[in-house]
$ cat coords.cif   # mmCIF, C-alpha atoms
data_coords
loop_
_atom_site.group_PDB
_atom_site.id
_atom_site.type_symbol
_atom_site.label_atom_id
_atom_site.label_comp_id
_atom_site.auth_asym_id
_atom_site.auth_seq_id
_atom_site.Cartn_x
_atom_site.Cartn_y
_atom_site.Cartn_z
ATOM 1 C CA MET A 1 104.529 18.455 -146.744
ATOM 2 C CA ARG A 2 104.985 22.186 -146.294
ATOM 3 C CA LYS A 3 101.708 23.994 -145.898
ATOM 4 C CA ASN A 4 100.857 26.557 -148.556
ATOM 5 C CA PRO A 5 97.601 28.396 -147.782
ATOM 6 C CA ARG A 6 97.407 29.957 -151.223
ATOM 7 C CA ALA A 7 97.717 26.621 -153.028
ATOM 8 C CA ARG A 8 95.186 25.068 -150.639
ATOM 9 C CA LYS A 9 92.755 27.892 -151.257
ATOM 10 C CA LEU A 10 93.101 27.486 -155.028
ATOM 11 C CA ALA A 11 92.593 23.700 -154.705
ATOM 12 C CA VAL A 12 89.363 24.267 -152.782
ATOM 13 C CA ARG A 13 88.106 26.588 -155.493
ATOM 14 C CA LEU A 14 89.043 24.101 -158.233
ATOM 15 C CA LEU A 15 87.244 21.318 -156.325
ATOM 16 C CA ALA A 16 84.112 23.467 -156.285
ATOM 17 C CA LEU A 17 84.393 23.752 -160.055
ATOM 18 C CA CYS A 18 84.476 19.960 -160.299
ATOM 19 C CA ARG A 19 80.951 19.607 -158.833
ATOM 20 C CA ASP A 20 77.847 19.223 -160.978
ATOM 21 C CA GLY A 21 74.455 20.836 -160.440
ATOM 22 C CA GLU A 22 73.651 18.440 -157.595
ATOM 23 C CA GLY A 23 76.880 19.218 -155.753
ATOM 24 C CA GLN A 24 78.425 15.854 -156.618
ATOM 25 C CA LEU A 25 81.861 15.427 -158.113
ATOM 26 C CA SER A 26 81.487 14.898 -161.836
ATOM 27 C CA PRO A 27 84.147 13.094 -163.895
ATOM 28 C CA ASP A 28 83.451 15.332 -166.844
ATOM 29 C CA ARG A 29 83.932 18.477 -164.827
ATOM 30 C CA ILE A 30 87.075 17.071 -163.353
ATOM 31 C CA ASP A 31 88.464 16.369 -166.823
ATOM 32 C CA GLU A 32 87.665 19.919 -167.866
ATOM 33 C CA VAL A 33 89.394 21.408 -164.858
ATOM 34 C CA LEU A 34 92.475 19.258 -165.379
ATOM 35 C CA ALA A 35 92.579 20.207 -169.067
ATOM 36 C CA ALA A 36 92.420 23.860 -168.158
ATOM 37 C CA LEU A 37 95.238 23.420 -165.661
ATOM 38 C CA ARG A 38 97.298 21.622 -168.305
ATOM 39 C CA VAL A 39 96.872 24.539 -170.702
ATOM 40 C CA LYS A 40 97.615 27.189 -168.119
ATOM 41 C CA PRO A 41 99.256 25.720 -165.075
ATOM 42 C CA PRO A 42 99.517 27.900 -161.963
ATOM 43 C CA ARG A 43 102.897 28.818 -160.523
ATOM 44 C CA ASN A 44 102.724 26.184 -157.794
ATOM 45 C CA HIS A 45 100.746 23.664 -159.807
ATOM 46 C CA ARG A 46 102.308 20.620 -158.069
ATOM 47 C CA GLU A 47 101.079 21.665 -154.672
ATOM 48 C CA VAL A 48 97.687 22.671 -156.081
ATOM 49 C CA LEU A 49 97.251 19.296 -157.732
ATOM 50 C CA HIS A 50 98.351 17.528 -154.609
ATOM 51 C CA TYR A 51 95.827 19.421 -152.492
ATOM 52 C CA LEU A 52 93.136 18.879 -155.100
ATOM 53 C CA SER A 53 93.803 15.134 -155.156
ATOM 54 C CA PHE A 54 93.768 14.979 -151.368
ATOM 55 C CA LEU A 55 90.487 16.903 -151.082
ATOM 56 C CA ALA A 56 88.858 14.870 -153.862
ATOM 57 C CA GLU A 57 89.902 11.575 -152.262
ATOM 58 C CA ARG A 58 88.578 12.679 -148.916
ATOM 59 C CA GLU A 59 85.258 13.773 -150.405
ATOM 60 C CA ILE A 60 84.904 10.585 -152.422
ATOM 61 C CA ALA A 61 85.688 8.519 -149.334
ATOM 62 C CA ALA A 62 83.187 10.492 -147.300
ATOM 63 C CA SER A 63 80.470 9.966 -149.909
ATOM 64 C CA THR A 64 81.237 6.322 -150.635
ATOM 65 C CA ALA A 65 80.318 3.304 -148.546
ATOM 66 C CA ARG A 66 82.990 0.689 -149.068
ATOM 67 C CA VAL A 67 81.164 -2.561 -148.422
ATOM 68 C CA VAL A 68 83.135 -5.765 -147.901
ATOM 69 C CA SER A 69 81.215 -9.001 -147.341
ATOM 70 C CA GLY A 70 81.997 -12.668 -146.937
ATOM 71 C CA GLY A 71 79.104 -13.766 -149.146
ATOM 72 C CA GLU A 72 77.395 -12.241 -152.097
ATOM 73 C CA LEU A 73 75.007 -9.433 -151.051
ATOM 74 C CA SER A 74 71.616 -9.155 -152.631
ATOM 75 C CA PRO A 75 70.737 -5.987 -154.614
ATOM 76 C CA GLN A 76 68.056 -5.182 -152.041
ATOM 77 C CA THR A 77 70.629 -5.219 -149.297
ATOM 78 C CA ILE A 78 72.976 -2.957 -151.221
ATOM 79 C CA GLU A 79 70.140 -0.545 -151.892
ATOM 80 C CA GLN A 80 69.186 -0.625 -148.234
ATOM 81 C CA ILE A 81 72.760 0.228 -147.270
ATOM 82 C CA ARG A 82 72.865 3.112 -149.711
ATOM 83 C CA SER A 83 69.598 4.643 -148.571
ATOM 84 C CA ARG A 84 70.209 4.226 -144.838
ATOM 85 C CA PHE A 85 73.729 5.646 -144.935
ATOM 86 C CA SER A 86 72.596 8.532 -147.149
ATOM 87 C CA ASP A 87 69.947 9.338 -144.567
ATOM 88 C CA LYS A 88 72.464 9.121 -141.739
ATOM 89 C CA TYR A 89 75.123 11.379 -143.317
ATOM 90 C CA GLY A 90 72.686 13.750 -145.008
ATOM 91 C CA ARG A 91 74.250 13.342 -148.446
ATOM 92 C CA THR A 92 74.130 10.880 -151.286
ATOM 93 C CA ILE A 93 76.298 7.898 -150.435
ATOM 94 C CA ALA A 94 77.489 5.664 -153.256
ATOM 95 C CA VAL A 95 78.087 1.981 -152.517
ATOM 96 C CA ASP A 96 81.288 0.224 -153.559
ATOM 97 C CA SER A 97 80.698 -3.444 -152.817
ATOM 98 C CA ARG A 98 83.182 -6.292 -153.076
ATOM 99 C CA ARG A 99 83.564 -9.789 -151.702
ATOM 100 C CA ASP A 100 86.390 -10.933 -149.368
ATOM 101 C CA PRO A 101 86.560 -14.712 -148.769
ATOM 102 C CA SER A 102 88.745 -14.226 -145.701
ATOM 103 C CA MET A 103 85.762 -12.628 -143.973
ATOM 104 C CA ILE A 104 83.911 -15.995 -144.245
ATOM 105 C CA ALA A 105 80.516 -14.448 -143.540
ATOM 106 C CA GLY A 106 79.388 -10.974 -142.508
ATOM 107 C CA THR A 107 79.556 -7.398 -143.707
ATOM 108 C CA ARG A 108 81.819 -4.401 -143.081
ATOM 109 C CA VAL A 109 80.836 -0.902 -144.188
ATOM 110 C CA GLN A 110 83.353 1.956 -144.145
ATOM 111 C CA VAL A 111 82.318 5.562 -144.780
ATOM 112 C CA GLY A 112 85.242 7.941 -144.433
ATOM 113 C CA ASP A 113 86.842 7.086 -141.096
ATOM 114 C CA ASP A 114 83.707 5.400 -139.725
ATOM 115 C CA VAL A 115 83.671 1.597 -139.773
ATOM 116 C CA TYR A 116 80.621 -0.617 -139.126
ATOM 117 C CA GLU A 117 81.143 -4.342 -139.051
ATOM 118 C CA ILE A 118 79.256 -7.481 -138.168
ATOM 119 C CA SER A 119 81.231 -10.520 -139.245
ATOM 120 C CA ILE A 120 82.526 -13.850 -138.020
ATOM 121 C CA PRO A 121 86.204 -12.682 -137.817
ATOM 122 C CA ALA A 122 85.112 -9.615 -135.859
ATOM 123 C CA ARG A 123 83.099 -11.750 -133.407
ATOM 124 C CA LEU A 124 85.939 -14.223 -132.994
ATOM 125 C CA SER A 125 88.415 -11.388 -132.449
ATOM 126 C CA ALA A 126 86.061 -9.896 -129.859
ATOM 127 C CA ILE A 127 85.846 -13.262 -128.091
ATOM 128 C CA ALA A 128 89.637 -13.661 -128.139
ATOM 129 C CA GLY A 129 90.105 -10.061 -126.933
ATOM 130 C CA ALA A 130 87.573 -10.434 -124.126
ATOM 131 C CA ASP A 131 89.309 -13.578 -122.972
ATOM 132 C CA ARG A 132 92.653 -11.806 -122.449
ATOM 133 C CA MET B 1 164.983 -11.789 8.306
ATOM 134 C CA LEU B 2 168.648 -11.975 9.150
ATOM 135 C CA THR B 3 168.142 -9.206 11.703
ATOM 136 C CA GLN B 4 165.294 -11.104 13.293
ATOM 137 C CA PHE B 5 167.442 -14.239 13.415
ATOM 138 C CA LEU B 6 170.307 -12.363 15.086
ATOM 139 C CA THR B 7 167.925 -10.800 17.597
ATOM 140 C CA GLN B 8 166.566 -14.180 18.557
ATOM 141 C CA PHE B 9 170.038 -15.584 18.657
ATOM 142 C CA THR B 10 171.223 -12.766 20.947
ATOM 143 C CA LEU B 11 168.268 -13.233 23.276
ATOM 144 C CA ALA B 12 168.885 -16.975 23.386
ATOM 145 C CA ALA B 13 172.542 -16.464 24.042
ATOM 146 C CA ALA B 14 171.993 -14.064 26.944
ATOM 147 C CA PRO B 15 172.261 -15.690 30.488
ATOM 148 C CA VAL B 16 168.876 -16.081 32.245
ATOM 149 C CA ALA B 17 170.345 -15.823 35.717
ATOM 150 C CA ASP B 18 173.618 -15.890 37.310
ATOM 151 C CA GLY B 19 175.276 -19.268 37.276
ATOM 152 C CA GLU B 20 172.494 -20.763 34.981
ATOM 153 C CA ALA B 21 173.126 -21.285 31.324
ATOM 154 C CA GLY B 22 170.562 -20.145 28.703
ATOM 155 C CA PRO B 23 168.944 -22.380 26.072
ATOM 156 C CA ILE B 24 171.405 -21.338 23.461
ATOM 157 C CA GLN B 25 174.272 -21.951 25.735
ATOM 158 C CA THR B 26 172.761 -25.277 26.640
ATOM 159 C CA ILE B 27 172.465 -26.232 22.927
ATOM 160 C CA VAL B 28 175.967 -25.069 22.296
ATOM 161 C CA GLN B 29 177.318 -27.009 25.190
ATOM 162 C CA ASN B 30 175.343 -30.142 24.270
ATOM 163 C CA PHE B 31 176.246 -30.091 20.565
ATOM 164 C CA GLY B 32 179.854 -28.964 21.137
ATOM 165 C CA LEU B 33 179.357 -25.913 18.968
ATOM 166 C CA ASP B 34 182.373 -23.746 18.425
ATOM 167 C CA SER B 35 181.150 -20.192 18.018
ATOM 168 C CA GLY B 36 184.167 -18.965 16.091
ATOM 169 C CA PHE B 37 183.969 -21.876 13.706
ATOM 170 C CA PHE B 38 180.210 -21.499 13.459
ATOM 171 C CA PHE B 39 180.514 -17.839 12.667
ATOM 172 C CA GLY B 40 183.124 -18.571 10.080
ATOM 173 C CA GLN B 41 180.814 -21.172 8.551
ATOM 174 C CA VAL B 42 177.982 -18.674 8.512
ATOM 175 C CA VAL B 43 180.159 -16.072 6.831
ATOM 176 C CA ASN B 44 181.377 -18.662 4.379
ATOM 177 C CA PHE B 45 177.816 -19.711 3.697
ATOM 178 C CA LEU B 46 176.728 -16.157 3.200
ATOM 179 C CA ILE B 47 179.575 -15.541 0.772
ATOM 180 C CA VAL B 48 178.768 -18.665 -1.178
ATOM 181 C CA ALA B 49 175.066 -17.778 -1.076
ATOM 182 C CA ALA B 50 175.839 -14.253 -2.303
ATOM 183 C CA LEU B 51 178.086 -15.563 -5.059
ATOM 184 C CA LEU B 52 175.463 -18.077 -6.132
ATOM 185 C CA TYR B 53 172.771 -15.435 -5.981
ATOM 186 C CA PHE B 54 174.650 -12.865 -8.063
ATOM 187 C CA PHE B 55 176.415 -15.160 -10.512
ATOM 188 C CA ALA B 56 174.074 -18.077 -10.902
ATOM 189 C CA PHE B 57 170.611 -17.458 -9.602
ATOM 190 C CA ARG B 58 170.111 -13.934 -10.999
ATOM 191 C CA PRO B 59 171.360 -14.738 -14.546
ATOM 192 C CA ILE B 60 169.210 -17.839 -14.509
ATOM 193 C CA LEU B 61 166.242 -15.820 -13.284
ATOM 194 C CA ARG B 62 166.943 -13.180 -15.873
ATOM 195 C CA THR B 63 167.228 -15.822 -18.577
ATOM 196 C CA VAL B 64 164.044 -17.436 -17.340
ATOM 197 C CA ASN B 65 162.313 -14.065 -17.262
ATOM 198 C CA GLU B 66 163.538 -13.332 -20.745
ATOM 199 C CA ARG B 67 162.386 -16.737 -21.927
ATOM 200 C CA GLN B 68 159.072 -16.208 -20.198
ATOM 201 C CA THR B 69 158.770 -12.787 -21.784
ATOM 202 C CA LYS B 70 159.622 -14.247 -25.151
ATOM 203 C CA ILE B 71 157.127 -17.041 -24.635
ATOM 204 C CA GLU B 72 154.480 -14.535 -23.572
ATOM 205 C CA ASP B 73 155.337 -12.379 -26.568
ATOM 206 C CA GLY B 74 155.179 -15.451 -28.741
ATOM 207 C CA LEU B 75 151.872 -16.469 -27.240
ATOM 208 C CA ARG B 76 150.547 -12.936 -27.634
ATOM 209 C CA TYR B 77 151.833 -12.847 -31.159
ATOM 210 C CA SER B 78 150.261 -16.210 -31.741
ATOM 211 C CA GLU B 79 146.975 -14.964 -30.336
ATOM 212 C CA GLU B 80 147.218 -11.872 -32.497
ATOM 213 C CA MET B 81 148.034 -14.017 -35.473
ATOM 214 C CA LYS B 82 145.121 -16.286 -34.643
ATOM 215 C CA ALA B 83 142.873 -13.253 -34.369
ATOM 216 C CA LYS B 84 144.262 -11.855 -37.582
ATOM 217 C CA LEU B 85 143.887 -15.235 -39.223
ATOM 218 C CA ALA B 86 140.316 -15.421 -37.983
ATOM 219 C CA ASP B 87 139.715 -11.898 -39.271
ATOM 220 C CA ALA B 88 141.377 -12.808 -42.542
ATOM 221 C CA GLU B 89 139.279 -15.957 -42.795
ATOM 222 C CA LYS B 90 136.187 -13.977 -41.932
ATOM 223 C CA SER B 91 137.094 -11.321 -44.500
ATOM 224 C CA HIS B 92 137.888 -14.054 -47.008
ATOM 225 C CA GLU B 93 134.579 -15.733 -46.356
ATOM 226 C CA GLU B 94 132.801 -12.391 -46.653
ATOM 227 C CA THR B 95 134.631 -11.690 -49.899
ATOM 228 C CA LEU B 96 133.782 -15.147 -51.160
ATOM 229 C CA ARG B 97 130.170 -14.682 -50.136
ATOM 230 C CA LYS B 98 130.004 -11.301 -51.899
ATOM 231 C CA ALA B 99 131.739 -12.746 -54.946
ATOM 232 C CA SER B 100 129.306 -15.644 -54.936
ATOM 233 C CA VAL B 101 126.346 -13.285 -54.678
ATOM 234 C CA GLU B 102 127.744 -11.105 -57.463
ATOM 235 C CA ALA B 103 128.459 -14.165 -59.559
ATOM 236 C CA GLN B 104 124.905 -15.365 -59.019
ATOM 237 C CA GLU B 105 123.542 -11.963 -59.992
ATOM 238 C CA ILE B 106 125.785 -11.803 -63.065
ATOM 239 C CA LEU B 107 124.782 -15.331 -64.016
ATOM 240 C CA LYS B 108 121.123 -14.502 -63.517
ATOM 241 C CA GLU B 109 121.456 -11.327 -65.575
ATOM 242 C CA ALA B 110 123.377 -13.173 -68.279
ATOM 243 C CA LYS B 111 120.696 -15.854 -68.385
ATOM 244 C CA ALA B 112 117.994 -13.202 -68.666
ATOM 245 C CA GLN B 113 119.883 -11.419 -71.431
ATOM 246 C CA ALA B 114 120.532 -14.686 -73.240
ATOM 247 C CA SER B 115 116.874 -15.620 -72.961
ATOM 248 C CA GLN B 116 115.816 -12.219 -74.257
ATOM 249 C CA LEU B 117 118.351 -12.409 -77.090
ATOM 250 C CA ILE B 118 117.170 -15.874 -78.039
ATOM 251 C CA GLU B 119 113.576 -14.691 -77.994
ATOM 252 C CA THR B 120 114.382 -11.641 -80.125
ATOM 253 C CA LYS B 121 116.388 -13.662 -82.621
ATOM 254 C CA SER B 122 113.669 -16.292 -82.770
ATOM 255 C CA GLU B 123 111.081 -13.623 -83.427
ATOM 256 C CA GLU B 124 113.224 -12.091 -86.164
ATOM 257 C CA ALA B 125 113.851 -15.481 -87.741
ATOM 258 C CA ARG B 126 110.144 -16.304 -87.620
ATOM 259 C CA ALA B 127 109.241 -12.947 -89.221
ATOM 260 C CA LYS B 128 111.850 -13.476 -91.944
ATOM 261 C CA ALA B 129 110.602 -16.984 -92.592
ATOM 262 C CA GLU B 130 107.025 -15.754 -92.821
ATOM 263 C CA ASP B 131 108.097 -12.978 -95.186
ATOM 264 C CA ILE B 132 109.993 -15.424 -97.385
ATOM 265 C CA ILE B 133 107.027 -17.816 -97.403
ATOM 266 C CA GLN B 134 104.617 -15.000 -98.206
ATOM 267 C CA ARG B 135 106.809 -13.714 -101.032
ATOM 268 C CA GLY B 136 107.206 -17.231 -102.322
ATOM 269 C CA GLU B 137 103.463 -17.769 -102.275
ATOM 270 C CA LEU B 138 102.891 -14.461 -104.072
ATOM 271 C CA SER B 139 105.518 -15.299 -106.667
ATOM 272 C CA LEU B 140 104.040 -18.762 -107.086
ATOM 273 C CA ALA B 141 100.532 -17.359 -107.472
ATOM 274 C CA ALA B 142 101.729 -14.775 -110.011
ATOM 275 C CA GLU B 143 103.616 -17.453 -111.926
ATOM 276 C CA ARG B 144 100.589 -19.719 -111.847
ATOM 277 C CA LYS B 145 98.296 -16.916 -113.020
ATOM 278 C CA LYS B 146 100.717 -16.043 -115.820
ATOM 279 C CA MET B 147 100.899 -19.670 -116.884
ATOM 280 C CA LEU B 148 97.116 -20.034 -116.785
ATOM 281 C CA ASP B 149 96.702 -16.829 -118.776
ATOM 282 C CA GLU B 150 99.167 -18.086 -121.367
ATOM 283 C CA VAL B 151 97.439 -21.451 -121.578
ATOM 284 C CA GLN B 152 94.040 -19.788 -121.734
ATOM 285 C CA GLY B 153 95.233 -17.393 -124.446
ATOM 286 C CA GLU B 154 96.722 -20.225 -126.429
ATOM 287 C CA VAL B 155 93.557 -22.299 -126.047
ATOM 288 C CA THR B 156 91.437 -19.332 -127.097
ATOM 289 C CA ARG B 157 93.652 -18.698 -130.098
ATOM 290 C CA LEU B 158 93.420 -22.350 -131.119
ATOM 291 C CA VAL B 159 89.646 -22.378 -130.607
ATOM 292 C CA VAL B 160 89.211 -19.204 -132.633
ATOM 293 C CA ALA B 161 91.457 -20.465 -135.426
ATOM 294 C CA THR B 162 89.725 -23.837 -135.454
ATOM 295 C CA THR B 163 86.284 -22.232 -135.383
ATOM 296 C CA ARG B 164 87.258 -19.969 -138.235
ATOM 297 C CA LYS B 165 88.530 -22.871 -140.315
ATOM 298 C CA VAL B 166 85.498 -25.020 -139.523
ATOM 299 C CA LEU B 167 83.075 -22.243 -140.345
ATOM 300 C CA ASP B 168 84.937 -21.412 -143.545
ATOM 301 C CA ARG B 169 84.811 -25.036 -144.594
ATOM 302 C CA GLU B 170 81.326 -25.934 -143.430
ATOM 303 C CA LEU B 171 79.367 -22.845 -144.503
ATOM 304 C CA SER B 172 78.066 -22.969 -148.059
ATOM 305 C CA ASP B 173 78.080 -19.929 -150.318
ATOM 306 C CA ALA B 174 74.349 -19.539 -149.833
ATOM 307 C CA GLU B 175 74.730 -19.579 -146.076
ATOM 308 C CA LYS B 176 77.551 -17.073 -146.271
ATOM 309 C CA SER B 177 75.407 -14.798 -148.440
ATOM 310 C CA SER B 178 72.464 -15.168 -146.099
ATOM 311 C CA PHE B 179 74.602 -14.357 -143.070
ATOM 312 C CA SER B 180 76.136 -11.379 -144.853
ATOM 313 C CA ASP B 181 72.710 -10.069 -145.779
ATOM 314 C CA ARG B 182 71.494 -10.407 -142.225
ATOM 315 C CA ALA B 183 74.632 -8.683 -140.948
ATOM 316 C CA ALA B 184 74.082 -5.796 -143.372
ATOM 317 C CA SER B 185 70.455 -5.564 -142.255
ATOM 318 C CA GLU B 186 71.515 -5.421 -138.637
ATOM 319 C CA LEU B 187 74.060 -2.739 -139.471
ATOM 320 C CA THR B 188 71.478 -0.583 -141.246
ATOM 321 C CA GLU B 189 68.965 -1.155 -138.455
ATOM 322 C CA SER B 190 71.504 -0.032 -135.900
ATOM 323 C CA LEU B 191 71.860 3.313 -137.718
ATOM 324 C CA ARG B 192 68.363 4.369 -136.634
#
$ encode --input "coords.cif" --output "structure tokens"
Amino acid sequence: MRKNPRARKLAVRLLALCRDGEGQLSPDRIDEVLAALRVKPPRNHREVLHYLSFLAEREIAASTARVVSGGELSPQTIEQIRSRFSDKYGRTIAVDSRRDPSMIAGTRVQVGDDVYEISIPARLSAIAGADR
Amino acid sequence: MLTQFLTQFTLAAAPVADGEAGPIQTIVQNFGLDSGFFFGQVVNFLIVAALLYFFAFRPILRTVNERQTKIEDGLRYSEEMKAKLADAEKSHEETLRKASVEAQEILKEAKAQASQLIETKSEEARAKAEDIIQRGELSLAAERKKMLDEVQGEVTRLVVATTRKVLDRELSDAEKSSFSDRAASELTESLR
């Protein structure tokens, strides 16, 4: 994609408008911003929307812990993950938990590009990799 | 000699004293010698002797001398030839001796060179054989290591797959949840 500094700058400003009083992205504010853009689209609205989507996805990913586990996690564990990762990254981290039977047993947490994993497939892969 | 004979004859013919005959005269008288006939015989003898001397004896002597000279020349030539033959034989023997010595030296040198060549070639062959053996051993070891690695990798893959299947089948949902909770706890603990 061709870089357009003006569109990127406008997308950053629009993303700031999407935050609530606590600095978190708010769905309501996002709907308002999108409605305003629909009424009065900017000249390069495609690029602006693309940048805005990219920035929003990156921020959501950076503030969301995607938890994948082999078994069902207890609410205490999920709360522990949320609080510990919020402390580590210095911002509120939401937890998106789901179960993956192929993992058998164990947990993988991904925040942005950081991945933390303790699971049976990971251990077996480590054993197979160390053997080579 | 003839002069001496005539002198003696004259002295013998001379009368010793008057009326007494000399020895020669006595001999002549006793033997009935006719002086004229005797003289004629002597002259005849001398002529025959001279003819024999000049026409028979001298050519024979000359022929004999020539033959003797030829024989002497032949003997001298023979001696020279013998000497030359001896020299030639001596030279031949010397040449043969030198040739034999040279042949011995050449043979000795050839043997030394052949021995050295054989030694060099043997050394080269031994080095090549050792190199081939070493490369073969290295290749064999690499092949063996590769095979072992492949077998080990395959065994590991089978073990991992089997372990995964066994664990998936044997673990209950409660155990999976418990393990997942403990894994999450370990993860959060490791953040500190």
$ interface_residues --input "coords.cif" --of "chain B" --to "chain A" --cutoff "8 Å" --atoms "all atoms listed in the file" --output "list in words"
Asp149, Gln152, Gly153, Thr156, Arg157, Val160, Arg164, Leu167, Asp168, Asp173, Ala174, Glu175, Lys176, Ser177, Ser178, Phe179, Ser180, Asp181, Arg182, Ala183, Ala184, Ser185, Leu187, Thr188 and Leu191 of chain B
$ atom_distance --input "coords.cif" --atom1 "CA of Arg67 in chain B" --atom2 "CA of Met81 in chain B"
19.9 Å
$ closest_residue --input "coords.cif" --among "A:Leu15, A:Leu10, A:Ala130, A:Ala122" --to "Ala56 in chain A" --atoms "only C-alpha atoms"
A:Leu15
$ atom_distance --input "coords.cif" --atom1 "CA of Ala35 in chain A" --atom2 "CA of Cys18 in chain A"
11.9 Å
$ resolve_selection --input "coords.cif" --expression "the PyMOL selection byres ((chain A and resi 21-28) around 10)" --output "number ranges by chain"
A: 15-20, 29-34, 56, 59-60, 63, 91-92
$ atom_distance --input "coords.cif" --atom1 "CA of Arg144 in chain B" --atom2 "CA of Ala126 in chain A"
25.1 Å
$ build_atoms --input "coords.cif" --residues "range 68-81 of chain A" --atoms "N, CA and C atoms" --output "compact mmCIF listing (two decimals), in the frame of the given file"
# COMPACT_ATOMS: atom_id res chain seq x y z
N VAL A 68 82.39 -4.51 -147.72
CA VAL A 68 83.14 -5.76 -147.90
C VAL A 68 82.32 -6.85 -147.21
N SER A 69 82.05 -7.94 -147.93
CA SER A 69 81.22 -9.00 -147.34
C SER A 69 81.84 -10.36 -147.63
N GLY A 70 81.49 -11.31 -146.76
CA GLY A 70 82.00 -12.67 -146.94
C GLY A 70 81.24 -13.41 -148.02
N GLY A 71 79.93 -13.15 -148.11
CA GLY A 71 79.10 -13.77 -149.15
C GLY A 71 78.58 -12.70 -150.10
N GLU A 72 77.94 -13.18 -151.11
CA GLU A 72 77.40 -12.24 -152.10
C GLU A 72 76.17 -11.55 -151.50
N LEU A 73 76.15 -10.18 -151.58
CA LEU A 73 75.01 -9.43 -151.05
C LEU A 73 73.94 -9.29 -152.14
N SER A 74 72.72 -9.31 -151.67
CA SER A 74 71.62 -9.15 -152.63
C SER A 74 71.49 -7.68 -153.01
N PRO A 75 70.93 -7.40 -154.21
CA PRO A 75 70.74 -5.99 -154.61
C PRO A 75 69.88 -5.21 -153.63
N GLN A 76 68.88 -5.88 -153.03
CA GLN A 76 68.06 -5.18 -152.04
C GLN A 76 68.89 -4.72 -150.85
N THR A 77 69.79 -5.57 -150.45
CA THR A 77 70.63 -5.22 -149.30
C THR A 77 71.53 -4.04 -149.63
N ILE A 78 72.10 -4.07 -150.82
CA ILE A 78 72.98 -2.96 -151.22
C ILE A 78 72.19 -1.65 -151.30
N GLU A 79 70.98 -1.74 -151.82
CA GLU A 79 70.14 -0.55 -151.89
C GLU A 79 69.76 -0.04 -150.50
N GLN A 80 69.52 -1.00 -149.61
CA GLN A 80 69.19 -0.62 -148.23
C GLN A 80 70.37 0.10 -147.57
N ILE A 81 71.56 -0.41 -147.84
CA ILE A 81 72.76 0.23 -147.27
C ILE A 81 72.90 1.64 -147.81
